[in-house]
>>> print(open('structure.tsv').read())   # TSV, C-alpha atoms and all ligand atoms
chain	number	residue	atom	x	y	z
A	136	MET	CA	-31.20	-21.97	9.52
A	137	VAL	CA	-27.95	-22.74	7.72
A	138	SER	CA	-27.59	-21.20	4.27
A	139	ALA	CA	-26.89	-23.42	1.26
A	140	ARG	CA	-23.45	-21.92	0.76
A	141	ARG	CA	-22.56	-22.48	4.39
A	142	LEU	CA	-23.80	-26.04	4.21
A	143	ILE	CA	-21.67	-26.74	1.14
A	144	ASN	CA	-18.63	-25.21	2.80
A	145	ARG	CA	-19.25	-27.35	5.88
A	146	ILE	CA	-19.39	-30.49	3.80
A	147	VAL	CA	-16.22	-29.52	1.89
A	148	TYR	CA	-14.18	-28.08	4.74
A	149	GLY	CA	-15.85	-29.24	7.98
A	150	SER	CA	-17.24	-26.94	10.68
A	151	ARG	CA	-13.89	-25.86	12.15
A	152	TYR	CA	-13.80	-22.80	9.85
A	153	ASP	CA	-17.32	-21.55	10.73
A	154	ARG	CA	-15.98	-19.12	13.30
A	155	VAL	CA	-13.07	-17.85	11.21
A	156	HIS	CA	-13.76	-14.33	9.89
A	157	TRP	CA	-14.70	-14.34	6.20
A	158	THR	CA	-11.68	-12.21	5.30
A	159	GLN	CA	-9.43	-14.95	6.73
A	160	ARG	CA	-11.23	-18.14	5.65
A	161	VAL	CA	-9.93	-17.86	2.09
A	162	TYR	CA	-6.39	-17.99	3.47
A	163	VAL	CA	-6.78	-20.90	5.85
A	164	ARG	CA	-9.08	-23.49	4.25
A	165	PRO	CA	-6.99	-26.29	2.75
A	166	GLY	CA	-6.68	-26.13	-1.03
A	167	GLU	CA	-8.65	-22.93	-1.37
A	168	ARG	CA	-5.72	-20.81	-2.58
A	169	LEU	CA	-4.99	-23.14	-5.49
A	170	ALA	CA	-8.68	-23.33	-6.42
A	171	ARG	CA	-9.09	-19.53	-6.35
A	172	GLU	CA	-5.92	-18.98	-8.36
A	173	ALA	CA	-6.99	-21.52	-10.99
A	174	ARG	CA	-10.37	-19.84	-11.29
A	175	TRP	CA	-8.69	-16.44	-11.65
A	176	ARG	CA	-6.46	-17.69	-14.49
A	177	TRP	CA	-9.52	-19.14	-16.18
A	178	ARG	CA	-11.33	-15.79	-15.81
A	179	LEU	CA	-8.38	-13.98	-17.45
A	180	ARG	CA	-8.19	-16.46	-20.31
A	181	ARG	CA	-11.90	-16.11	-20.96
A	182	ALA	CA	-12.08	-12.28	-20.84
A	183	PRO	CA	-11.86	-10.79	-24.37
A	184	VAL	CA	-9.11	-8.33	-25.34
A	185	VAL	CA	-10.42	-5.35	-27.32
A	186	PRO	CA	-8.87	-2.29	-29.02
A	187	LEU	CA	-9.37	0.94	-27.07
A	188	ALA	CA	-11.51	2.45	-29.86
A	189	ASP	CA	-13.95	-0.48	-29.74
A	190	TYR	CA	-14.02	-0.38	-25.97
A	191	ALA	CA	-14.67	3.39	-25.93
A	192	ALA	CA	-17.43	3.09	-28.55
A	193	ARG	CA	-19.52	0.85	-26.36
A	194	THR	CA	-18.71	2.25	-22.90
A	195	PRO	CA	-20.51	5.23	-21.32
A	196	LEU	CA	-18.31	8.21	-20.39
A	197	GLY	CA	-19.03	10.45	-17.38
A	198	ALA	CA	-18.63	14.25	-17.39
A	199	ILE	CA	-15.30	14.25	-15.52
A	200	GLU	CA	-13.93	11.06	-17.13
A	201	GLU	CA	-11.64	10.13	-20.02
A	202	PHE	CA	-10.53	6.91	-21.69
A	203	VAL	CA	-6.90	5.98	-21.06
A	204	SER	CA	-4.32	3.41	-22.20
A	205	CYS	CA	-2.19	1.48	-19.74
A	206	LEU	CA	-0.11	4.08	-17.92
A	207	MET	CA	2.55	1.54	-16.99
A	208	CYS	CA	3.43	0.16	-20.45
A	209	GLY	CA	1.45	2.17	-23.02
A	210	GLN	CA	-0.63	-0.77	-24.26
A	211	SER	CA	-3.95	0.55	-25.57
A	212	ARG	CA	-5.80	-2.78	-25.77
A	213	GLN	CA	-8.23	-3.46	-22.95
A	214	GLN	CA	-9.38	-6.54	-21.14
A	215	PRO	CA	-12.65	-5.59	-19.39
A	216	LEU	CA	-12.94	-7.50	-16.13
A	217	PHE	CA	-15.31	-5.99	-13.57
A	218	GLU	CA	-18.01	-3.43	-12.92
A	219	PRO	CA	-17.88	-2.77	-9.19
A	220	ALA	CA	-20.92	-0.91	-7.82
A	221	ASN	CA	-22.65	-0.30	-4.56
A	222	GLY	CA	-25.93	0.96	-3.17
A	223	ASP	CA	-24.73	4.60	-2.93
A	224	GLY	CA	-25.21	4.80	-6.68
A	225	TRP	CA	-21.61	4.74	-7.86
A	226	SER	CA	-20.15	2.21	-10.24
A	227	TYR	CA	-17.14	2.03	-12.55
A	228	ARG	CA	-15.37	-0.33	-14.90
A	229	VAL	CA	-12.09	-2.07	-14.20
A	230	VAL	CA	-9.92	-3.33	-17.04
A	231	ARG	CA	-6.68	-5.29	-17.14
A	232	CYS	CA	-3.73	-4.52	-19.40
A	233	PRO	CA	-3.16	-7.65	-21.53
A	234	SER	CA	0.59	-6.83	-21.77
A	235	CYS	CA	1.69	-6.04	-18.22
A	236	GLY	CA	-1.32	-7.07	-16.14
A	237	PHE	CA	-1.98	-3.60	-14.68
A	238	LEU	CA	-5.53	-3.22	-13.32
A	239	TYR	CA	-7.14	0.18	-13.71
A	240	ARG	CA	-10.41	2.00	-13.93
A	241	ASN	CA	-11.38	2.87	-17.50
A	242	PRO	CA	-12.77	5.39	-18.16
A	243	ASN	CA	-10.62	7.11	-15.53
A	244	VAL	CA	-11.01	10.49	-13.83
A	245	ARG	CA	-9.56	13.49	-15.68
A	246	PRO	CA	-6.73	14.77	-13.46
A	247	GLU	CA	-7.97	18.36	-13.53
A	248	HIS	CA	-11.17	17.12	-11.88
A	249	LEU	CA	-9.49	15.05	-9.19
A	250	GLY	CA	-10.27	17.72	-6.57
A	251	ASP	CA	-14.01	17.33	-7.31
A	252	LEU	CA	-13.90	13.91	-5.63
A	253	TYR	CA	-12.65	15.35	-2.36
A	254	ALA	CA	-14.14	18.84	-2.33
A	255	ASN	CA	-16.84	18.29	0.30
A	256	GLY	CA	-17.48	15.99	3.20
A	257	TYR	CA	-14.67	13.56	2.44
A	258	SER	CA	-13.28	13.89	5.96
A	259	GLY	CA	-16.56	12.69	7.47
A	260	PHE	CA	-15.53	9.07	7.82
A	261	LEU	CA	-11.96	9.73	8.93
A	262	THR	CA	-12.69	9.81	12.67
A	263	GLY	CA	-13.83	7.63	15.60
A	264	ASP	CA	-13.21	3.86	15.27
A	265	TYR	CA	-11.79	4.51	11.84
A	266	ALA	CA	-9.12	6.73	13.39
A	267	ALA	CA	-8.12	4.13	16.00
A	268	ASN	CA	-7.93	1.36	13.40
A	269	ARG	CA	-5.96	3.50	10.99
A	270	GLN	CA	-3.41	4.51	13.58
A	271	ARG	CA	-2.98	0.85	14.51
A	272	ARG	CA	-2.39	0.07	10.84
A	273	TYR	CA	0.22	2.85	10.58
A	274	ARG	CA	2.06	1.56	13.65
A	275	LEU	CA	2.09	-2.02	12.35
A	276	THR	CA	3.48	-0.90	9.01
A	277	MET	CA	6.12	1.31	10.63
A	278	ASP	CA	7.14	-1.73	12.72
A	279	ALA	CA	7.32	-3.85	9.57
A	280	PHE	CA	9.87	-1.39	8.13
A	281	ALA	CA	11.81	-0.70	11.34
A	282	PRO	CA	14.03	1.18	11.96
A	283	VAL	CA	13.00	3.69	9.24
A	284	PHE	CA	10.35	5.27	11.47
A	285	SER	CA	11.90	4.65	14.88
A	286	ASP	CA	13.49	8.04	15.43
A	287	GLY	CA	12.44	11.08	13.41
A	288	ARG	CA	14.62	13.65	15.12
A	289	GLY	CA	16.37	15.90	12.61
A	290	ARG	CA	14.50	14.29	9.68
A	291	ARG	CA	11.93	15.81	7.33
A	292	LEU	CA	8.78	13.84	6.46
A	293	LEU	CA	6.01	14.52	3.95
A	294	ASP	CA	2.67	12.70	4.20
A	295	PHE	CA	1.11	13.00	0.75
A	296	GLY	CA	-2.70	12.80	1.01
A	297	CYS	CA	-2.56	13.36	4.77
A	298	GLY	CA	-6.33	13.47	5.34
A	299	ALA	CA	-7.24	14.49	8.89
A	300	GLY	CA	-3.62	14.15	10.11
A	301	LEU	CA	-3.90	10.72	11.77
A	302	PHE	CA	-0.44	9.71	10.56
A	303	LEU	CA	1.11	13.17	10.98
A	304	GLU	CA	0.15	12.96	14.64
A	305	LEU	CA	2.21	9.76	15.01
A	306	ALA	CA	5.05	11.25	12.96
A	307	GLU	CA	5.34	14.30	15.19
A	308	GLN	CA	5.26	12.05	18.28
A	309	ARG	CA	8.28	10.24	16.84
A	310	GLY	CA	10.14	13.51	16.39
A	311	PHE	CA	9.85	14.07	12.63
A	312	GLU	CA	9.68	17.55	11.19
A	313	ALA	CA	6.43	16.60	9.47
A	314	TYR	CA	4.37	18.17	6.68
A	315	GLY	CA	1.22	17.03	4.93
A	316	VAL	CA	-0.75	17.95	1.83
A	317	ASP	CA	-4.28	16.97	0.88
A	318	LEU	CA	-6.97	17.83	-1.67
A	319	SER	CA	-9.76	17.95	0.91
A	320	PRO	CA	-9.95	21.39	2.54
A	321	ASP	CA	-12.01	20.26	5.54
A	322	SER	CA	-9.57	17.38	6.21
A	323	VAL	CA	-6.66	19.83	6.26
A	324	GLU	CA	-8.52	21.99	8.74
A	325	GLN	CA	-9.12	18.98	11.01
A	326	ALA	CA	-5.49	17.92	10.68
A	327	ASN	CA	-4.17	21.28	11.82
A	328	ALA	CA	-6.55	21.24	14.79
A	329	ARG	CA	-5.15	17.83	15.79
A	330	LEU	CA	-1.45	18.63	15.36
A	331	THR	CA	0.96	20.58	17.53
A	332	ARG	CA	4.15	20.90	15.45
A	333	ALA	CA	3.37	19.22	12.13
A	334	ARG	CA	1.59	21.28	9.46
A	335	ALA	CA	-0.98	20.24	6.86
A	336	TYR	CA	-1.62	22.23	3.68
A	337	PHE	CA	-4.38	22.21	1.09
A	338	GLY	CA	-3.28	21.70	-2.51
A	339	ALA	CA	-0.35	20.34	-4.48
A	340	PRO	CA	3.22	20.09	-3.08
A	341	GLU	CA	4.55	22.52	-5.72
A	342	ASP	CA	2.22	25.23	-4.40
A	343	VAL	CA	3.55	25.14	-0.83
A	344	PRO	CA	7.05	26.69	-0.55
A	345	GLU	CA	8.03	24.72	2.61
A	346	ILE	CA	7.27	21.50	0.74
A	347	ALA	CA	8.41	22.46	-2.76
A	348	GLU	CA	11.96	23.01	-1.46
A	349	GLY	CA	12.17	19.21	-0.99
A	350	GLY	CA	14.95	17.61	1.02
A	351	PHE	CA	12.60	15.04	2.56
A	352	ASP	CA	14.06	11.98	4.27
A	353	VAL	CA	10.71	10.17	4.17
A	354	ILE	CA	7.58	10.52	2.03
A	355	THR	CA	4.51	8.45	2.93
A	356	LEU	CA	1.50	7.45	0.81
A	357	TRP	CA	-1.05	5.80	3.09
A	358	SER	CA	-3.89	4.43	0.96
A	359	VAL	CA	-3.26	7.18	-1.59
A	360	LEU	CA	-1.60	5.49	-4.57
A	361	ALA	CA	-4.88	3.95	-5.83
A	362	HIS	CA	-6.36	7.49	-5.98
A	363	LEU	CA	-3.74	9.01	-8.33
A	364	PRO	CA	-4.75	9.51	-11.99
A	365	ARG	CA	-1.21	10.60	-13.04
A	366	PRO	CA	1.12	8.40	-10.99
A	367	LEU	CA	4.16	8.86	-13.25
A	368	SER	CA	4.30	12.63	-12.81
A	369	ASP	CA	3.48	12.33	-9.09
A	370	PHE	CA	6.25	9.78	-8.49
A	371	SER	CA	8.76	11.85	-10.50
A	372	LEU	CA	7.90	14.72	-8.17
A	373	PHE	CA	8.32	12.53	-5.07
A	374	ARG	CA	11.72	11.41	-6.35
A	375	ARG	CA	12.78	15.07	-6.75
A	376	LEU	CA	11.48	15.98	-3.29
A	377	LEU	CA	13.48	13.21	-1.59
A	378	ALA	CA	16.88	13.99	-0.08
A	379	PRO	CA	19.84	11.70	-0.87
A	380	GLY	CA	19.27	8.52	1.16
A	381	GLY	CA	15.50	9.18	1.23
A	382	VAL	CA	12.72	6.58	1.19
A	383	LEU	CA	9.11	6.48	0.03
A	384	LEU	CA	6.57	4.33	1.88
A	385	VAL	CA	3.54	3.01	0.00
A	386	LEU	CA	0.54	1.22	1.43
A	387	THR	CA	-2.18	0.39	-1.07
A	388	VAL	CA	-4.67	-2.34	-1.94
A	389	ASN	CA	-2.95	-5.35	-3.49
A	390	ALA	CA	-4.04	-6.26	-7.04
A	391	ARG	CA	-2.83	-9.81	-6.33
A	392	SER	CA	-5.02	-10.08	-3.22
A	393	LEU	CA	-6.48	-13.53	-2.76
A	394	LEU	CA	-9.70	-11.77	-1.69
A	395	LEU	CA	-9.92	-10.10	-5.11
A	396	LYS	CA	-9.47	-13.50	-6.75
A	397	ALA	CA	-12.19	-14.89	-4.47
A	398	TYR	CA	-14.76	-12.08	-4.59
A	399	GLY	CA	-14.15	-10.30	-7.92
A	400	PRO	CA	-16.29	-7.16	-8.35
A	401	THR	CA	-17.34	-7.07	-4.68
A	402	TRP	CA	-13.70	-6.98	-3.46
A	403	SER	CA	-13.14	-4.42	-0.68
A	404	GLY	CA	-10.35	-2.77	-2.75
A	405	PHE	CA	-12.87	-1.51	-5.31
A	406	THR	CA	-13.95	1.58	-3.37
A	407	LYS	CA	-15.58	4.67	-4.76
A	408	ASN	CA	-12.55	6.86	-5.46
A	409	HIS	CA	-9.98	4.20	-6.34
A	410	LEU	CA	-8.58	4.60	-9.85
A	411	MET	CA	-5.68	2.15	-10.17
A	412	PHE	CA	-4.78	-1.15	-8.53
A	413	TYR	CA	-1.13	-2.13	-8.20
A	414	SER	CA	0.69	-5.39	-7.69
A	415	ALA	CA	4.33	-5.74	-6.65
A	416	GLU	CA	5.23	-6.00	-10.37
A	417	THR	CA	3.38	-2.92	-11.59
A	418	LEU	CA	4.63	-0.86	-8.64
A	419	ARG	CA	8.19	-1.81	-9.66
A	420	THR	CA	7.45	-0.53	-13.16
A	421	LEU	CA	6.20	2.77	-11.76
A	422	LEU	CA	9.21	3.18	-9.44
A	423	GLY	CA	11.74	2.21	-12.11
A	424	ARG	CA	10.29	4.66	-14.62
A	425	THR	CA	10.45	7.51	-12.12
A	426	GLY	CA	14.06	7.08	-11.03
A	427	PHE	CA	13.95	5.02	-7.84
A	428	ALA	CA	16.86	2.64	-7.19
A	429	GLY	CA	15.10	-0.21	-5.41
A	430	VAL	CA	12.09	-1.44	-3.48
A	431	SER	CA	11.37	-3.87	-0.67
A	432	TYR	CA	8.03	-5.37	0.36
A	433	ALA	CA	6.51	-6.43	3.67
A	434	PRO	CA	3.68	-8.97	3.27
A	435	HIS	CA	0.39	-7.90	4.86
A	436	TYR	CA	-1.22	-10.62	6.97
A	437	GLY	CA	-4.13	-8.48	8.15
A	438	ASP	CA	-4.02	-5.93	10.94
A	439	ALA	CA	-5.73	-8.19	13.51
A	440	VAL	CA	-3.25	-11.02	12.91
A	441	GLU	CA	-0.27	-8.68	13.12
A	442	ALA	CA	-1.60	-6.95	16.24
A	443	GLY	CA	-2.38	-10.33	17.85
A	444	THR	CA	-6.07	-9.48	18.36
A	445	ASP	CA	-7.43	-12.16	15.98
A	446	ARG	CA	-8.87	-15.31	17.54
A	447	LEU	CA	-7.34	-17.77	15.11
A	448	PRO	CA	-5.86	-20.93	16.62
A	449	GLU	CA	-2.08	-20.89	16.17
A	450	PRO	CA	-1.95	-23.58	13.42
A	451	LEU	CA	-4.44	-21.60	11.33
A	452	ARG	CA	-2.50	-18.39	11.90
A	453	ARG	CA	0.63	-20.10	10.61
A	454	ARG	CA	-1.30	-21.37	7.60
A	455	LEU	CA	-2.65	-17.88	6.89
A	456	ARG	CA	0.89	-16.49	6.90
A	457	ARG	CA	2.13	-19.23	4.56
A	458	THR	CA	-0.77	-18.64	2.15
A	459	VAL	CA	-0.20	-14.86	2.06
A	460	GLU	CA	3.47	-15.43	1.27
A	461	ALA	CA	2.95	-18.22	-1.28
A	462	ALA	CA	0.30	-16.24	-3.19
A	463	ASP	CA	1.79	-12.76	-2.66
A	464	GLY	CA	-1.89	-12.46	-1.81
A	465	GLY	CA	-2.26	-10.21	1.22
A	466	ASN	CA	-5.17	-7.80	0.88
A	467	MET	CA	-2.86	-4.78	1.15
A	468	MET	CA	0.56	-4.20	-0.37
A	469	ARG	CA	3.26	-2.48	1.67
A	470	ALA	CA	6.43	-1.26	0.02
A	471	LEU	CA	9.47	0.80	0.91
A	472	ALA	CA	11.08	2.44	-2.14
A	473	PHE	CA	14.68	3.66	-2.04
A	474	ALA	CA	15.59	6.90	-3.80
A	475	ASP	CA	19.20	5.90	-4.50
A	476	GLN	CA	22.03	3.53	-3.56
A	477	GLU	CA	22.69	5.54	-0.41
A	478	ALA	CA	19.11	4.85	0.73
A	479	ILE	CA	19.55	1.12	0.11
A	480	ALA	CA	22.79	1.13	2.11
A	481	ARG	CA	21.23	3.08	4.96
A	482	TRP	CA	17.79	1.46	5.26
A	483	GLY	CA	17.94	-1.79	3.31
A	484	GLY	CA	19.19	-3.84	6.28
A	485	ASP	CA	18.86	-7.54	5.60
A	486	ARG	CA	15.62	-7.12	3.67
A	487	ARG	CA	15.20	-8.53	0.18
A	488	ILE	CA	15.73	-5.58	-2.18
A	489	HIS	CA	14.47	-5.55	-5.76
A	490	ARG	CA	16.97	-3.36	-7.60
A	491	LEU	CA	15.40	-1.25	-10.32
A	492	ARG	CA	16.81	-0.22	-13.64
A	493	THR	CA	16.01	3.45	-13.75
A	494	ARG	CA	14.82	4.95	-17.00
A	495	ALA	CA	18.22	6.55	-17.56
A	496	GLN	CA	19.89	3.13	-17.31
A	497	ALA	CA	17.25	1.36	-19.38
A	498	ARG	CA	17.34	3.80	-22.28
A	499	PRO	CA	20.73	5.49	-22.46
A	500	VAL	CA	20.79	8.69	-24.45
A	501	PRO	CA	22.71	7.96	-27.70
A	502	ALA	CA	26.09	9.67	-27.82
A	503	ALA	CA	26.42	12.47	-30.38
A	504	ASP	CA	28.81	11.44	-33.16
B	1	ZN	ZN	0.40	-2.40	-19.39
>>> encode(input="structure.tsv", output="C-alpha cells")
Amino acid sequence: MVSARRLINRIVYGSRYDRVHWTQRVYVRPGERLAREARWRWRLRRAPVVPLADYAARTPLGAIEEFVSCLMCGQSRQQPLFEPANGDGWSYRVVRCPSCGFLYRNPNVRPEHLGDLYANGYSGFLTGDYAANRQRRYRLTMDAFAPVFSDGRGRRLLDFGCGAGLFLELAEQRGFEAYGVDLSPDSVEQANARLTRARAYFGAPEDVPEIAEGGFDVITLWSVLAHLPRPLSDFSLFRRLLAPGGVLLVLTVNARSLLLKAYGPTWSGFTKNHLMFYSAETLRTLLGRTGFAGVSYAPHYGDAVEAGTDRLPEPLRRRLRRTVEAADGGNMMRALAFADQEAIARWGGDRRIHRLRTRAQARPVPAAD
C-alpha cells in the first residue's frame, strides 16, 4: 500500500528517490530547495509581528520561565512561528526576531533554573549507539577544522557542557590537557569514570579554580549553544578564558536548515531543552558582541555522507553537497571562532574568515574633552 504523499512524490519526482533517507531527500530532489525556500519566505511574510506586551498577555508562562526580547539585537517585537511538541508532554513556542531574524524560544527558561533541566537522569541517553554516533560526529568535525585538533600536546582544552565525557575521551587521546564542566551531576560522574587524565567538574567554570584561571587554547561547545539562556555573558566568559591565539569550536543546530524549512514545528532541532536557534549571521552577532576577532564555518553535509556510510549514488551525493552549500542549509552548523588576530594567523589557514567588528571597535568610547 503506497501512501498518498508517497504517490504524489513519485509522480512529481519519479521512483529513484524512494530509497533515499528522508533527511536527504529534501537536498537531492530537483527543484525542492527553491520550493522550500519560497514557502519559508511566504510563511515569514504571513506571520504577524506583535509587541512583546501583547504577546505576553496571550501566552501561558511556566513556573521557571520568563518572557524575553531578542538577545542579539534588543528588538522586543515578536513574530510567533511554531509550537513544537511531542508525546512526552513537553511543548514550547518559537518566535523570530523581525529585525535580525534570530529564532528563540519565548517564553524562555529563567537562567537561575537552568540546572533544573539537567538535575536528574539527563545522562541516560548519552550512552550505547548514541555514544558511537556522537564520537563519529566529533571526529568528522575535528577533521573539518584540521589541524586545530590534530595534536593536543602542551595545549589546554575546555569542553563546556561535557556530558558523559565522550569528547573529553577523544581530546585526551589526542594529547590535550583537557577539562570539562557540566550541569548534570550524574553525567560528570560518568565522565570521570570514563576518563584517565582529563577531568570533568559539576557546575560553572568560575567555580572551579583549575578552569577559572583560563589560558585555554581550545574551548568546545558540542550541541550546547542552543541550551544557553544567557549566551552573551557565557561567550564573554569564554573569550576571557581563552589564551592569546585561542579558538572556540561551536556545533549547533542550524536555524537555516533546509529540514527546518521543510518540516517546520516537527524539525529535529526543536528538542526538549533547546532554547535558541542560531544561523551563521546570528552567531556572528554573538561573537562580535563578545570580543571575538573572526569566525569560519564548515558546511555540514550529514554525518553519514561525510563518513562515507550513506548509500547515495555519487551524482546524488554531489547534488546534496551543492544544495547544502547553496542554501547554507545543512542541518547542523559548525563554526570555529578566533579569539584574536593571532588565532586567525595561526589557525585560519586558507579558510574563508569572516572578520568581526568587536564591540570596542563598533562603539568607541568617546574621548574626554
Ligand atoms: Zn534581533
>>> residues_around(input="structure.tsv", residues="range 436-451 of chain A", least_positions_apart="6", cutoff="7 Å", atoms="all atoms listed in the file", output="VMD selection string")
chain A and resid 155 163 272 459 465
>>> write_last_selection(input="structure.tsv", atoms="C-alpha atoms", output="compact mmCIF listing (two decimals), in the coordinates of the input")
# COMPACT_ATOMS: atom_id res chain seq x y z
CA VAL A 155 -13.07 -17.85 11.21
CA VAL A 163 -6.78 -20.90 5.85
CA ARG A 272 -2.39 0.07 10.84
CA VAL A 459 -0.20 -14.86 2.06
CA GLY A 465 -2.26 -10.21 1.22
>>> atom_distance(input="structure.tsv", atom1="CA of Thr401 in chain A", atom2="CA of Ser431 in chain A")
29.2 Å
>>> closest_atom_pairs(input="structure.tsv", of="chain A", to="ligand ZN 1 (chain B)", cutoff="7 Å", atoms="all atoms listed in the file", output="Markdown table")
| residue | atom | partner | partner_atom | distance |
| --- | --- | --- | --- | --- |
| A:Cys205 | CA | B:ZN1 | ZN | 4.7 |
| A:Leu206 | CA | B:ZN1 | ZN | 6.7 |
| A:Met207 | CA | B:ZN1 | ZN | 5.1 |
| A:Cys208 | CA | B:ZN1 | ZN | 4.1 |
| A:Gly209 | CA | B:ZN1 | ZN | 5.9 |
| A:Gln210 | CA | B:ZN1 | ZN | 5.2 |
| A:Cys232 | CA | B:ZN1 | ZN | 4.6 |
| A:Pro233 | CA | B:ZN1 | ZN | 6.7 |
| A:Ser234 | CA | B:ZN1 | ZN | 5.0 |
| A:Cys235 | CA | B:ZN1 | ZN | 4.0 |
| A:Gly236 | CA | B:ZN1 | ZN | 5.9 |
| A:Phe237 | CA | B:ZN1 | ZN | 5.4 |
>>> atom_distance(input="structure.tsv", atom1="CA of Asp352 in chain A", atom2="CA of Pro434 in chain A")
23.4 Å
>>> closest_residue(input="structure.tsv", among="A:Leu491, A:Val430, A:Val203, A:Ile479", to="Pro186 in chain A", atoms="only C-alpha atoms")
A:Val203
>>> closest_residue(input="structure.tsv", among="A:Thr417, A:Asn221, A:Ser371, A:Asn243", to="Phe405 in chain A", atoms="only C-alpha atoms")
A:Asn221
>>> residues_around(input="structure.tsv", residues="Val353 in chain A", least_positions_apart="2", cutoff="6 Å", atoms="all atoms listed in the file", output="JSON, numbers by chain")
{"A": [292, 351, 381, 382, 383]}
>>> atom_distance(input="structure.tsv", atom1="CA of Leu471 in chain A", atom2="CA of Phe280 in chain A")
7.6 Å
